[in-house]
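Colleague: The structure's right below; bear with me while I get my questions together.
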Amino acid sequence: MKAAVIGAGLAGSVAARELRLGGVDPVLFDKGRGPGGRLSSRRAETPAGTLRFDHGAQFVTARTASFHAFLSSAVEAGAAQLWDARLVSIDRGGNAHPLRQAERFVGAPGMNAIVKHAQAGLNVQLQRRAVKMKGGAGDWTIHFEDGATEGPFHRVCLTLPPEQLIDFLARSDGDFAEIITEANRAVVEPCWTVMAVLDAPFDPEFDGAKIYGGAIRWMARMGSRPGGSSAEAVVIQASPDWSAAFLEESPDAVARQLCEEAYVRFAMPLPKWSGAHRWRYAMVTEPAGTPCAVAEDATVGVAGDWRLGGKAEAAWTSGEALGEALSQS
């Protein structure tokens, strides 16, 4: 049996692993240039040289035995490390409170190394944007934006954000009304992320901060992360409300506004280089509520963090459940 997995983030990667364990031969397809989804890393040419920014998820934590075992194996393989950092929550009055103690894992050298570890031994095809599937139960052909096709596949795993999933299923053969209804109910909010290299030393007395009030929701010093560069570099992530309000703003304008707020709030030096990335589907605020969904024909299913919540572990749990379900159907 062969399976197509659309989306090479954490959910898709673990779904493919479970399919392989169940005797199914999976192929992962992703529109991006690299794997990772929101665990991606960005390399940028800056005045301080080529730097790596973790511009999506900043760290991952684990409560389930399955995800903790996987992260432990990533540490053993050198694909992840624990981040021992000064992490705080800053309230609207500017008061800082330490975040609760927890094991916080970061990828090594970047967050996408965690996803690459999950994909070890799998067939991953990047820069391939799937737009629809044609056929029927157990006989699916995947159609791509460039006109190419792949298949037939006995199983299809879809790990797309809700809006992209709805569009994909609406173009496809088959009846997926119930899955589309669930995807329509889920709410996933956007996030603008700014990456900046500063022109002077900067220590705001934290390495990472969850911030309330104003445009900025998270800020972290990249040099504080294991293996981080000696360059003074930061990642700034905007709040969901601010990101939604300025969703169509230019990246340059977003970088300028968020760096100015960081200057006002934390006396952050001006950047000598900056860039911005818009995550249209970043933060799950209203999940579907179940780990995964499988169509009536038992050959197509959907997974992703939007099923359970916004954390990386939700993506893992969802993909794991879908892979198990489709390999046993």
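In the structure tokens, each chain is lettered A, B, ... as it comes, each chain's residues begin at 1, and ligands are numbered from 1 in order of appearance.
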Leaving out Ser274 (chain A) and any residue of its chain fewer than 3 positions from it, which residues lie within 12 Å of it when counting only C-alpha atoms, given as a ChimeraX atom specification?

Modeller: /A:44-48,51,53,193-199,233-236,251-259,270-271,277

Colleague: So that I have them on file, write out the residues from the current selection with N, CA and C atoms, as an mmCIF file, in the first residue's frame.

Modeller:
data_model
loop_
_atom_site.group_PDB
_atom_site.id
_atom_site.type_symbol
_atom_site.label_atom_id
_atom_site.label_comp_id
_atom_site.auth_asym_id
_atom_site.auth_seq_id
_atom_site.Cartn_x
_atom_site.Cartn_y
_atom_site.Cartn_z
ATOM 1 N N ALA A 44 19.554 33.964 6.768
ATOM 2 C CA ALA A 44 19.547 35.294 6.165
ATOM 3 C C ALA A 44 20.962 35.836 6.061
ATOM 4 N N GLU A 45 21.225 36.532 4.964
ATOM 5 C CA GLU A 45 22.494 37.229 4.793
ATOM 6 C C GLU A 45 22.365 38.612 5.433
ATOM 7 N N THR A 46 23.182 38.876 6.440
ATOM 8 C CA THR A 46 23.106 40.131 7.184
ATOM 9 C C THR A 46 24.494 40.768 7.262
ATOM 10 N N PRO A 47 24.585 42.009 7.716
ATOM 11 C CA PRO A 47 25.902 42.629 7.901
ATOM 12 C C PRO A 47 26.789 41.867 8.879
ATOM 13 N N ALA A 48 26.171 41.029 9.732
ATOM 14 C CA ALA A 48 26.939 40.213 10.682
ATOM 15 C C ALA A 48 27.255 38.833 10.117
ATOM 16 N N LEU A 51 23.134 34.333 9.163
ATOM 17 C CA LEU A 51 22.572 33.981 10.467
ATOM 18 C C LEU A 51 21.333 33.119 10.299
ATOM 19 N N PHE A 53 17.669 32.180 11.982
ATOM 20 C CA PHE A 53 16.626 32.646 12.892
ATOM 21 C C PHE A 53 15.549 31.583 13.011
ATOM 22 N N THR A 193 6.218 38.031 12.208
ATOM 23 C CA THR A 193 7.481 37.817 12.917
ATOM 24 C C THR A 193 8.561 38.692 12.304
ATOM 25 N N VAL A 194 9.306 39.385 13.161
ATOM 26 C CA VAL A 194 10.420 40.218 12.709
ATOM 27 C C VAL A 194 11.725 39.598 13.189
ATOM 28 N N MET A 195 12.693 39.540 12.298
ATOM 29 C CA MET A 195 14.057 39.103 12.607
ATOM 30 C C MET A 195 14.955 40.319 12.458
ATOM 31 N N ALA A 196 15.800 40.583 13.445
ATOM 32 C CA ALA A 196 16.621 41.795 13.402
ATOM 33 C C ALA A 196 18.007 41.549 13.971
ATOM 34 N N VAL A 197 18.994 42.201 13.357
ATOM 35 C CA VAL A 197 20.360 42.238 13.871
ATOM 36 C C VAL A 197 20.602 43.664 14.364
ATOM 37 N N LEU A 198 21.018 43.790 15.624
ATOM 38 C CA LEU A 198 21.110 45.101 16.258
ATOM 39 C C LEU A 198 22.502 45.703 16.095
ATOM 40 N N ASP A 199 22.552 47.035 16.197
ATOM 41 C CA ASP A 199 23.832 47.730 15.983
ATOM 42 C C ASP A 199 24.590 47.989 17.278
ATOM 43 N N ALA A 233 21.203 39.452 17.867
ATOM 44 C CA ALA A 233 20.053 39.260 16.993
ATOM 45 C C ALA A 233 18.829 38.897 17.820
ATOM 46 N N VAL A 234 17.670 39.330 17.357
ATOM 47 C CA VAL A 234 16.421 39.076 18.078
ATOM 48 C C VAL A 234 15.338 38.613 17.109
ATOM 49 N N VAL A 235 14.368 37.926 17.687
ATOM 50 C CA VAL A 235 13.115 37.614 16.999
ATOM 51 C C VAL A 235 11.989 38.275 17.776
ATOM 52 N N ILE A 236 11.140 38.984 17.067
ATOM 53 C CA ILE A 236 9.996 39.668 17.674
ATOM 54 C C ILE A 236 8.741 39.162 16.986
ATOM 55 N N PRO A 251 6.309 44.031 4.570
ATOM 56 C CA PRO A 251 7.264 43.521 5.559
ATOM 57 C C PRO A 251 8.164 44.618 6.129
ATOM 58 N N ASP A 252 8.605 45.558 5.315
ATOM 59 C CA ASP A 252 9.469 46.636 5.806
ATOM 60 C C ASP A 252 8.754 47.487 6.847
ATOM 61 N N ALA A 253 7.483 47.791 6.591
ATOM 62 C CA ALA A 253 6.720 48.609 7.531
ATOM 63 C C ALA A 253 6.484 47.856 8.834
ATOM 64 N N VAL A 254 6.204 46.560 8.747
ATOM 65 C CA VAL A 254 6.006 45.746 9.952
ATOM 66 C C VAL A 254 7.280 45.713 10.783
ATOM 67 N N ALA A 255 8.424 45.493 10.129
ATOM 68 C CA ALA A 255 9.695 45.444 10.855
ATOM 69 C C ALA A 255 9.970 46.777 11.543
ATOM 70 N N ARG A 256 9.712 47.855 10.855
ATOM 71 C CA ARG A 256 9.963 49.167 11.443
ATOM 72 C C ARG A 256 9.086 49.411 12.667
ATOM 73 N N GLN A 257 7.798 49.099 12.560
ATOM 74 C CA GLN A 257 6.876 49.370 13.664
ATOM 75 C C GLN A 257 7.184 48.520 14.892
ATOM 76 N N LEU A 258 7.459 47.234 14.694
ATOM 77 C CA LEU A 258 7.715 46.379 15.850
ATOM 78 C C LEU A 258 9.065 46.678 16.486
ATOM 79 N N CYS A 259 10.069 47.037 15.680
ATOM 80 C CA CYS A 259 11.365 47.426 16.256
ATOM 81 C C CYS A 259 11.245 48.737 17.023
ATOM 82 N N LEU A 270 18.641 50.189 17.662
ATOM 83 C CA LEU A 270 18.097 50.127 16.316
ATOM 84 C C LEU A 270 18.752 48.989 15.529
ATOM 85 N N PRO A 271 18.011 48.389 14.610
ATOM 86 C CA PRO A 271 18.593 47.299 13.820
ATOM 87 C C PRO A 271 19.456 47.820 12.678
ATOM 88 N N HIS A 277 8.412 38.123 8.383
ATOM 89 C CA HIS A 277 7.730 36.982 7.778
ATOM 90 C C HIS A 277 6.306 36.936 8.307
#

Colleague: If we count only C-alpha atoms, what is near Ser329 (chain A) at a cut-off of 9 Å, once residues fewer than 3 positions away on the same chain are taken out, given as a PyMOL selection string?

Modeller: chain A and resi 298-299+324-326

Colleague: Taking C-alpha atoms for each residue, export the selection above as an mmCIF file, in the first residue's frame.

Modeller:
data_model
loop_
_atom_site.group_PDB
_atom_site.id
_atom_site.type_symbol
_atom_site.label_atom_id
_atom_site.label_comp_id
_atom_site.auth_asym_id
_atom_site.auth_seq_id
_atom_site.Cartn_x
_atom_site.Cartn_y
_atom_site.Cartn_z
ATOM 1 C CA ALA A 298 -11.587 5.311 5.369
ATOM 2 C CA THR A 299 -8.855 6.189 2.845
ATOM 3 C CA GLU A 324 -2.482 4.859 13.084
ATOM 4 C CA ALA A 325 -6.067 5.183 11.864
ATOM 5 C CA LEU A 326 -5.256 5.032 8.157
#

Colleague: Would you write out, as JSON lines, a table of all residues in region 156-270 of chain A that have an atom no more than 10 Å from an atom of region 133-140 of chain A, listing for each the closest atom pair and the distance in Å to one decimal, considering only C-alpha atoms and ordering rows by chain and rising residue number?

Modeller:
{"residue": "A:Val156", "atom": "CA", "partner": "A:Trp140", "partner_atom": "CA", "distance": 7.6}
{"residue": "A:Phe168", "atom": "CA", "partner": "A:Met133", "partner_atom": "CA", "distance": 7.9}
{"residue": "A:Leu169", "atom": "CA", "partner": "A:Met133", "partner_atom": "CA", "distance": 7.9}
{"residue": "A:Ala170", "atom": "CA", "partner": "A:Met133", "partner_atom": "CA", "distance": 9.9}
{"residue": "A:Arg171", "atom": "CA", "partner": "A:Met133", "partner_atom": "CA", "distance": 7.6}
{"residue": "A:Ser172", "atom": "CA", "partner": "A:Met133", "partner_atom": "CA", "distance": 4.9}
{"residue": "A:Asp173", "atom": "CA", "partner": "A:Lys134", "partner_atom": "CA", "distance": 5.2}
{"residue": "A:Gly174", "atom": "CA", "partner": "A:Gly136", "partner_atom": "CA", "distance": 6.7}

Colleague: Only N, CA and C atoms, please: the residues just picked out, written as a JSON list (two decimals), in the first residue's frame.

Modeller:
[["chain", "number", "residue", "atom", "x", "y", "z"],
["A", 156, "VAL", "N", -4.48, 8.84, 1.72],
["A", 156, "VAL", "CA", -4.05, 10.24, 1.63],
["A", 156, "VAL", "C", -4.20, 10.88, 2.99],
["A", 168, "PHE", "N", -8.43, 22.75, -0.90],
["A", 168, "PHE", "CA", -7.97, 21.49, -1.51],
["A", 168, "PHE", "C", -9.13, 20.51, -1.67],
["A", 169, "LEU", "N", -9.92, 20.32, -0.62],
["A", 169, "LEU", "CA", -11.01, 19.36, -0.67],
["A", 169, "LEU", "C", -12.12, 19.82, -1.61],
["A", 170, "ALA", "N", -12.35, 21.13, -1.68],
["A", 170, "ALA", "CA", -13.39, 21.65, -2.58],
["A", 170, "ALA", "C", -13.04, 21.39, -4.04],
["A", 171, "ARG", "N", -11.76, 21.33, -4.36],
["A", 171, "ARG", "CA", -11.32, 21.07, -5.73],
["A", 171, "ARG", "C", -11.27, 19.56, -6.05],
["A", 172, "SER", "N", -11.34, 18.75, -5.02],
["A", 172, "SER", "CA", -11.08, 17.32, -5.16],
["A", 172, "SER", "C", -12.36, 16.52, -5.40],
["A", 173, "ASP", "N", -12.17, 15.30, -5.93],
["A", 173, "ASP", "CA", -13.28, 14.36, -6.01],
["A", 173, "ASP", "C", -13.62, 13.87, -4.61],
["A", 174, "GLY", "N", -14.85, 13.39, -4.44],
["A", 174, "GLY", "CA", -15.26, 12.84, -3.16],
["A", 174, "GLY", "C", -16.12, 13.79, -2.36]]

Colleague: Any idea what's packed within 10 Å of Leu39 (chain A), counting only C-alpha atoms, ignoring anything in its chain fewer than 5 positions away? Could you give it as a PDB file with N, CA and C atoms, in the first residue's frame?

Modeller:
ATOM      1  N   GLY A   9       5.243  19.157   7.773  1.00  0.00           N
ATOM      2  CA  GLY A   9       5.514  19.664   9.110  1.00  0.00           C
ATOM      3  C   GLY A   9       5.531  18.509  10.099  1.00  0.00           C
ATOM      4  N   LEU A  10       5.361  18.828  11.377  1.00  0.00           N
ATOM      5  CA  LEU A  10       5.446  17.788  12.398  1.00  0.00           C
ATOM      6  C   LEU A  10       4.297  16.795  12.281  1.00  0.00           C
ATOM      7  N   ASP A  54      15.173  31.254  14.245  1.00  0.00           N
ATOM      8  CA  ASP A  54      13.988  30.433  14.472  1.00  0.00           C
ATOM      9  C   ASP A  54      12.809  31.398  14.517  1.00  0.00           C
ATOM     10  N   HIS A  55      12.147  31.544  13.371  1.00  0.00           N
ATOM     11  CA  HIS A  55      11.154  32.608  13.241  1.00  0.00           C
ATOM     12  C   HIS A  55       9.720  32.118  13.395  1.00  0.00           C
ATOM     13  N   GLY A  56       9.562  30.826  13.709  1.00  0.00           N
ATOM     14  CA  GLY A  56       8.242  30.289  13.995  1.00  0.00           C
ATOM     15  C   GLY A  56       8.149  29.923  15.464  1.00  0.00           C
ATOM     16  N   ALA A  57       7.846  28.658  15.739  1.00  0.00           N
ATOM     17  CA  ALA A  57       7.810  28.198  17.128  1.00  0.00           C
ATOM     18  C   ALA A  57       9.183  28.384  17.767  1.00  0.00           C
ATOM     19  N   GLN A  58       9.210  28.892  18.971  1.00  0.00           N
ATOM     20  CA  GLN A  58      10.461  29.224  19.634  1.00  0.00           C
ATOM     21  C   GLN A  58      11.048  28.058  20.429  1.00  0.00           C
ATOM     22  N   PHE A  59      10.197  27.177  20.889  1.00  0.00           N
ATOM     23  CA  PHE A  59      10.629  25.975  21.603  1.00  0.00           C
ATOM     24  C   PHE A  59       9.440  25.024  21.647  1.00  0.00           C
ATOM     25  N   VAL A  60       9.696  23.783  22.049  1.00  0.00           N
ATOM     26  CA  VAL A  60       8.600  22.828  22.220  1.00  0.00           C
ATOM     27  C   VAL A  60       8.723  22.189  23.585  1.00  0.00           C
ATOM     28  N   VAL A 106      14.793  22.967  21.942  1.00  0.00           N
ATOM     29  CA  VAL A 106      14.970  23.711  20.697  1.00  0.00           C
ATOM     30  C   VAL A 106      15.757  22.834  19.726  1.00  0.00           C
ATOM     31  N   GLY A 107      15.529  23.042  18.449  1.00  0.00           N
ATOM     32  CA  GLY A 107      16.243  22.274  17.450  1.00  0.00           C
ATOM     33  C   GLY A 107      17.693  22.705  17.353  1.00  0.00           C
ATOM     34  N   GLY A 110      18.780  24.497  14.249  1.00  0.00           N
ATOM     35  CA  GLY A 110      17.565  25.295  14.191  1.00  0.00           C
ATOM     36  C   GLY A 110      16.350  24.418  14.460  1.00  0.00           C
ATOM     37  N   MET A 111      15.186  25.056  14.648  1.00  0.00           N
ATOM     38  CA  MET A 111      13.991  24.309  15.014  1.00  0.00           C
ATOM     39  C   MET A 111      13.613  23.253  13.987  1.00  0.00           C
ATOM     40  N   ASN A 112      13.899  23.503  12.714  1.00  0.00           N
ATOM     41  CA  ASN A 112      13.507  22.511  11.715  1.00  0.00           C
ATOM     42  C   ASN A 112      14.287  21.209  11.840  1.00  0.00           C
ATOM     43  N   ALA A 113      15.388  21.200  12.621  1.00  0.00           N
ATOM     44  CA  ALA A 113      16.124  19.960  12.833  1.00  0.00           C
ATOM     45  C   ALA A 113      15.264  18.931  13.546  1.00  0.00           C
ATOM     46  N   ILE A 114      14.313  19.378  14.356  1.00  0.00           N
ATOM     47  CA  ILE A 114      13.408  18.453  15.045  1.00  0.00           C
ATOM     48  C   ILE A 114      12.531  17.732  14.027  1.00  0.00           C
ATOM     49  N   VAL A 115      12.029  18.488  13.046  1.00  0.00           N
ATOM     50  CA  VAL A 115      11.191  17.880  12.010  1.00  0.00           C
ATOM     51  C   VAL A 115      12.029  16.966  11.118  1.00  0.00           C
ATOM     52  N   ALA A 312       3.138  22.467  19.406  1.00  0.00           N
ATOM     53  CA  ALA A 312       3.742  21.448  18.555  1.00  0.00           C
ATOM     54  C   ALA A 312       3.287  20.056  18.969  1.00  0.00           C
TER      55      ALA A 312
END

Colleague: Can you pull out every residue from region 122-249 of chain A that DSSP, working from the backbone, puts in strand (DSSP E or B), and format the result as a short mmCIF file (atom, residue, chain, number, x, y, z; two decimals) with N, CA and C atoms, in the first residue's frame?

Modeller:
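The resulting file, states39.cif, is shown below:
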data_model
loop_
_atom_site.label_atom_id
_atom_site.label_comp_id
_atom_site.auth_asym_id
_atom_site.auth_seq_id
_atom_site.Cartn_x
_atom_site.Cartn_y
_atom_site.Cartn_z
N ASN A 123 10.61 9.44 2.44
CA ASN A 123 10.67 10.07 1.12
C ASN A 123 9.96 11.42 1.21
N VAL A 124 10.74 12.51 1.19
CA VAL A 124 10.19 13.86 1.32
C VAL A 124 10.46 14.64 0.03
N GLN A 125 9.42 15.16 -0.58
CA GLN A 125 9.56 15.92 -1.82
C GLN A 125 9.09 17.35 -1.56
N ALA A 130 0.57 20.72 -3.79
CA ALA A 130 -0.59 19.91 -4.19
C ALA A 130 -1.83 20.79 -4.18
N VAL A 131 -2.66 20.66 -5.20
CA VAL A 131 -3.85 21.52 -5.31
C VAL A 131 -5.16 20.75 -5.25
N LYS A 132 -5.13 19.43 -5.55
CA LYS A 132 -6.37 18.64 -5.51
C LYS A 132 -6.02 17.17 -5.65
N MET A 133 -7.02 16.32 -5.40
CA MET A 133 -6.85 14.89 -5.66
C MET A 133 -8.06 14.40 -6.46
N LYS A 134 -7.78 13.48 -7.35
CA LYS A 134 -8.82 12.93 -8.20
C LYS A 134 -8.83 11.41 -8.05
N GLY A 135 -10.00 10.83 -8.31
CA GLY A 135 -10.14 9.39 -8.20
C GLY A 135 -11.20 9.01 -7.19
N GLY A 136 -10.92 7.96 -6.43
CA GLY A 136 -11.87 7.49 -5.43
C GLY A 136 -11.18 6.64 -4.40
N ASP A 139 -7.78 4.78 -4.55
CA ASP A 139 -7.22 4.98 -5.89
C ASP A 139 -7.14 6.48 -6.18
N TRP A 140 -6.28 7.17 -5.41
CA TRP A 140 -6.21 8.62 -5.48
C TRP A 140 -4.97 9.07 -6.26
N THR A 141 -5.18 10.09 -7.10
CA THR A 141 -4.08 10.73 -7.81
C THR A 141 -3.96 12.17 -7.33
N ILE A 142 -2.76 12.58 -6.94
CA ILE A 142 -2.51 13.94 -6.45
C ILE A 142 -2.10 14.82 -7.63
N HIS A 143 -2.75 15.96 -7.76
CA HIS A 143 -2.44 16.93 -8.81
C HIS A 143 -1.70 18.12 -8.20
N PHE A 144 -0.68 18.59 -8.88
CA PHE A 144 0.17 19.67 -8.38
C PHE A 144 0.01 20.93 -9.21
N THR A 149 1.33 15.11 -11.84
CA THR A 149 0.49 14.25 -11.02
C THR A 149 1.33 13.14 -10.42
N GLU A 150 0.87 12.60 -9.29
CA GLU A 150 1.51 11.46 -8.64
C GLU A 150 0.41 10.50 -8.18
N GLY A 151 0.67 9.21 -8.29
CA GLY A 151 -0.29 8.23 -7.84
C GLY A 151 -0.27 7.00 -8.72
N PRO A 152 -1.17 6.09 -8.49
CA PRO A 152 -2.26 6.17 -7.50
C PRO A 152 -1.78 5.86 -6.08
N PHE A 153 -2.53 6.39 -5.10
CA PHE A 153 -2.26 6.16 -3.69
C PHE A 153 -3.48 5.50 -3.05
N ARG A 155 -3.93 5.58 0.31
CA ARG A 155 -4.29 6.42 1.44
C ARG A 155 -3.76 7.84 1.20
N VAL A 156 -4.48 8.84 1.72
CA VAL A 156 -4.05 10.24 1.63
C VAL A 156 -4.20 10.88 2.99
N CYS A 157 -3.11 11.46 3.51
CA CYS A 157 -3.12 12.23 4.76
C CYS A 157 -2.97 13.70 4.41
N LEU A 158 -3.88 14.51 4.90
CA LEU A 158 -3.83 15.95 4.64
C LEU A 158 -3.54 16.68 5.95
N VAL A 187 -10.54 28.09 14.33
CA VAL A 187 -10.03 29.45 14.19
C VAL A 187 -8.52 29.44 14.37
N VAL A 188 -7.81 29.90 13.36
CA VAL A 188 -6.35 29.98 13.40
C VAL A 188 -5.96 31.42 13.07
N GLU A 189 -5.27 32.07 13.99
CA GLU A 189 -4.95 33.48 13.84
C GLU A 189 -3.53 33.68 13.27
N PRO A 190 -3.29 34.84 12.65
CA PRO A 190 -2.00 35.09 12.01
C PRO A 190 -0.95 35.62 12.99
N CYS A 191 0.29 35.67 12.53
CA CYS A 191 1.37 36.24 13.34
C CYS A 191 2.44 36.81 12.41
N TRP A 192 2.75 38.08 12.60
CA TRP A 192 3.90 38.70 11.95
C TRP A 192 5.13 38.46 12.82
N THR A 193 6.22 38.03 12.21
CA THR A 193 7.48 37.82 12.92
C THR A 193 8.56 38.69 12.30
N VAL A 194 9.31 39.38 13.16
CA VAL A 194 10.42 40.22 12.71
C VAL A 194 11.72 39.60 13.19
N MET A 195 12.69 39.54 12.30
CA MET A 195 14.06 39.10 12.61
C MET A 195 14.95 40.32 12.46
N ALA A 196 15.80 40.58 13.44
CA ALA A 196 16.62 41.79 13.40
C ALA A 196 18.01 41.55 13.97
N VAL A 197 18.99 42.20 13.36
CA VAL A 197 20.36 42.24 13.87
C VAL A 197 20.60 43.66 14.36
N LEU A 198 21.02 43.79 15.62
CA LEU A 198 21.11 45.10 16.26
C LEU A 198 22.50 45.70 16.09
N GLY A 208 14.02 35.37 26.71
CA GLY A 208 12.76 35.27 25.99
C GLY A 208 11.65 35.80 26.86
N ALA A 209 10.69 36.50 26.26
CA ALA A 209 9.62 37.10 27.07
C ALA A 209 8.29 37.00 26.35
N LYS A 210 7.28 36.57 27.10
CA LYS A 210 5.90 36.62 26.65
C LYS A 210 5.34 37.94 27.14
N ILE A 211 4.85 38.75 26.23
CA ILE A 211 4.56 40.15 26.55
C ILE A 211 3.08 40.44 26.33
N ILE A 216 3.60 43.71 20.57
CA ILE A 216 4.51 42.57 20.67
C ILE A 216 3.98 41.53 21.65
N ARG A 217 3.98 40.26 21.22
CA ARG A 217 3.56 39.18 22.10
C ARG A 217 4.75 38.34 22.57
N TRP A 218 5.81 38.24 21.79
CA TRP A 218 6.97 37.45 22.16
C TRP A 218 8.23 38.11 21.63
N MET A 219 9.31 38.00 22.41
CA MET A 219 10.60 38.54 21.99
C MET A 219 11.70 37.65 22.55
N ALA A 220 12.70 37.33 21.73
CA ALA A 220 13.77 36.44 22.19
C ALA A 220 15.10 36.86 21.59
N ARG A 221 16.15 36.63 22.37
CA ARG A 221 17.51 36.89 21.91
C ARG A 221 18.06 35.60 21.32
N ALA A 233 21.20 39.45 17.87
CA ALA A 233 20.05 39.26 16.99
C ALA A 233 18.83 38.90 17.82
N VAL A 234 17.67 39.33 17.36
CA VAL A 234 16.42 39.08 18.08
C VAL A 234 15.34 38.61 17.11
N VAL A 235 14.37 37.93 17.69
CA VAL A 235 13.12 37.61 17.00
C VAL A 235 11.99 38.28 17.78
N ILE A 236 11.14 38.98 17.07
CA ILE A 236 10.00 39.67 17.67
C ILE A 236 8.74 39.16 16.99
N GLN A 237 7.77 38.68 17.76
CA GLN A 237 6.52 38.20 17.19
C GLN A 237 5.37 39.06 17.69
N ALA A 238 4.52 39.47 16.76
CA ALA A 238 3.42 40.36 17.08
C ALA A 238 2.25 39.58 17.68
#

Colleague: Excluding region 26-28 of chain A and residues on its chain fewer than 6 positions from it, collect all residues at most 9 Å away from it, counting only C-alpha atoms, and give them as a PyMOL selection string.

Modeller: chain A and resi 1-8+12-13+15-17+19-20+122-126+155

Colleague: I'd like to know which residues of region 190-301 of chain A are helix (DSSP H, G or I) (by DSSP, run on the backbone); could you write them as a ChimeraX atom specification?

Modeller: /A:222-224,240-245,251-266

Colleague: What lies within 7 Å of Ser224 (chain A) using only C-alpha atoms, ignoring chain neighbours under 2 positions off, as a PyMOL selection string?

Modeller: chain A and resi 85+207+221-222+226+228

Colleague: Residues near Ala74 (chain A), anyone? I mean within 9 Å using only C-alpha atoms, not counting same-chain ones fewer than 3 positions away, as a PyMOL selection string.

Modeller: chain A and resi 69-71+77-81+107+113-114+117-118

Colleague: Using only C-alpha atoms, can you tell me which of A:Pro204, A:Pro162, A:Pro109, A:Gly304 comes closest to Ile90 (chain A)?

Modeller: A:Pro204

Colleague: Give me the residues within 7 Å of Glu103 (chain A) as a ChimeraX atom specification, counting only C-alpha atoms and dropping any in the same chain fewer than 2 places off.

Modeller: /A:61,82,105

Colleague: What is the CA of Arg38 (chain A) to CA of Gln328 (chain A) distance in Å?

Modeller: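 Here the two named atoms are 28.7 Å from each other.
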
Colleague: Just give me the gap between CA of Val75 (chain A) and CA of Val14 (chain A) in Å, one decimal is fine.

Modeller: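 Separating CA of Val75 (chain A) from CA of Val14 (chain A) is a distance of 17.1 Å.
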
Colleague: Record the distance separating CA of Glu248 (chain A) and CA of Trp279 (chain A), expressed in Å with one decimal.

Modeller: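 It comes out at 11.5 Å.
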
Colleague: Restricting the calculation to only C-alpha atoms: of A:Gln164, A:Ser327, A:Asn95, A:Ser243, which residue gets closest to Val300 (chain A)?

Modeller: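 Ranked by minimum distance to Val300 (chain A), first place goes to A:Ser327.
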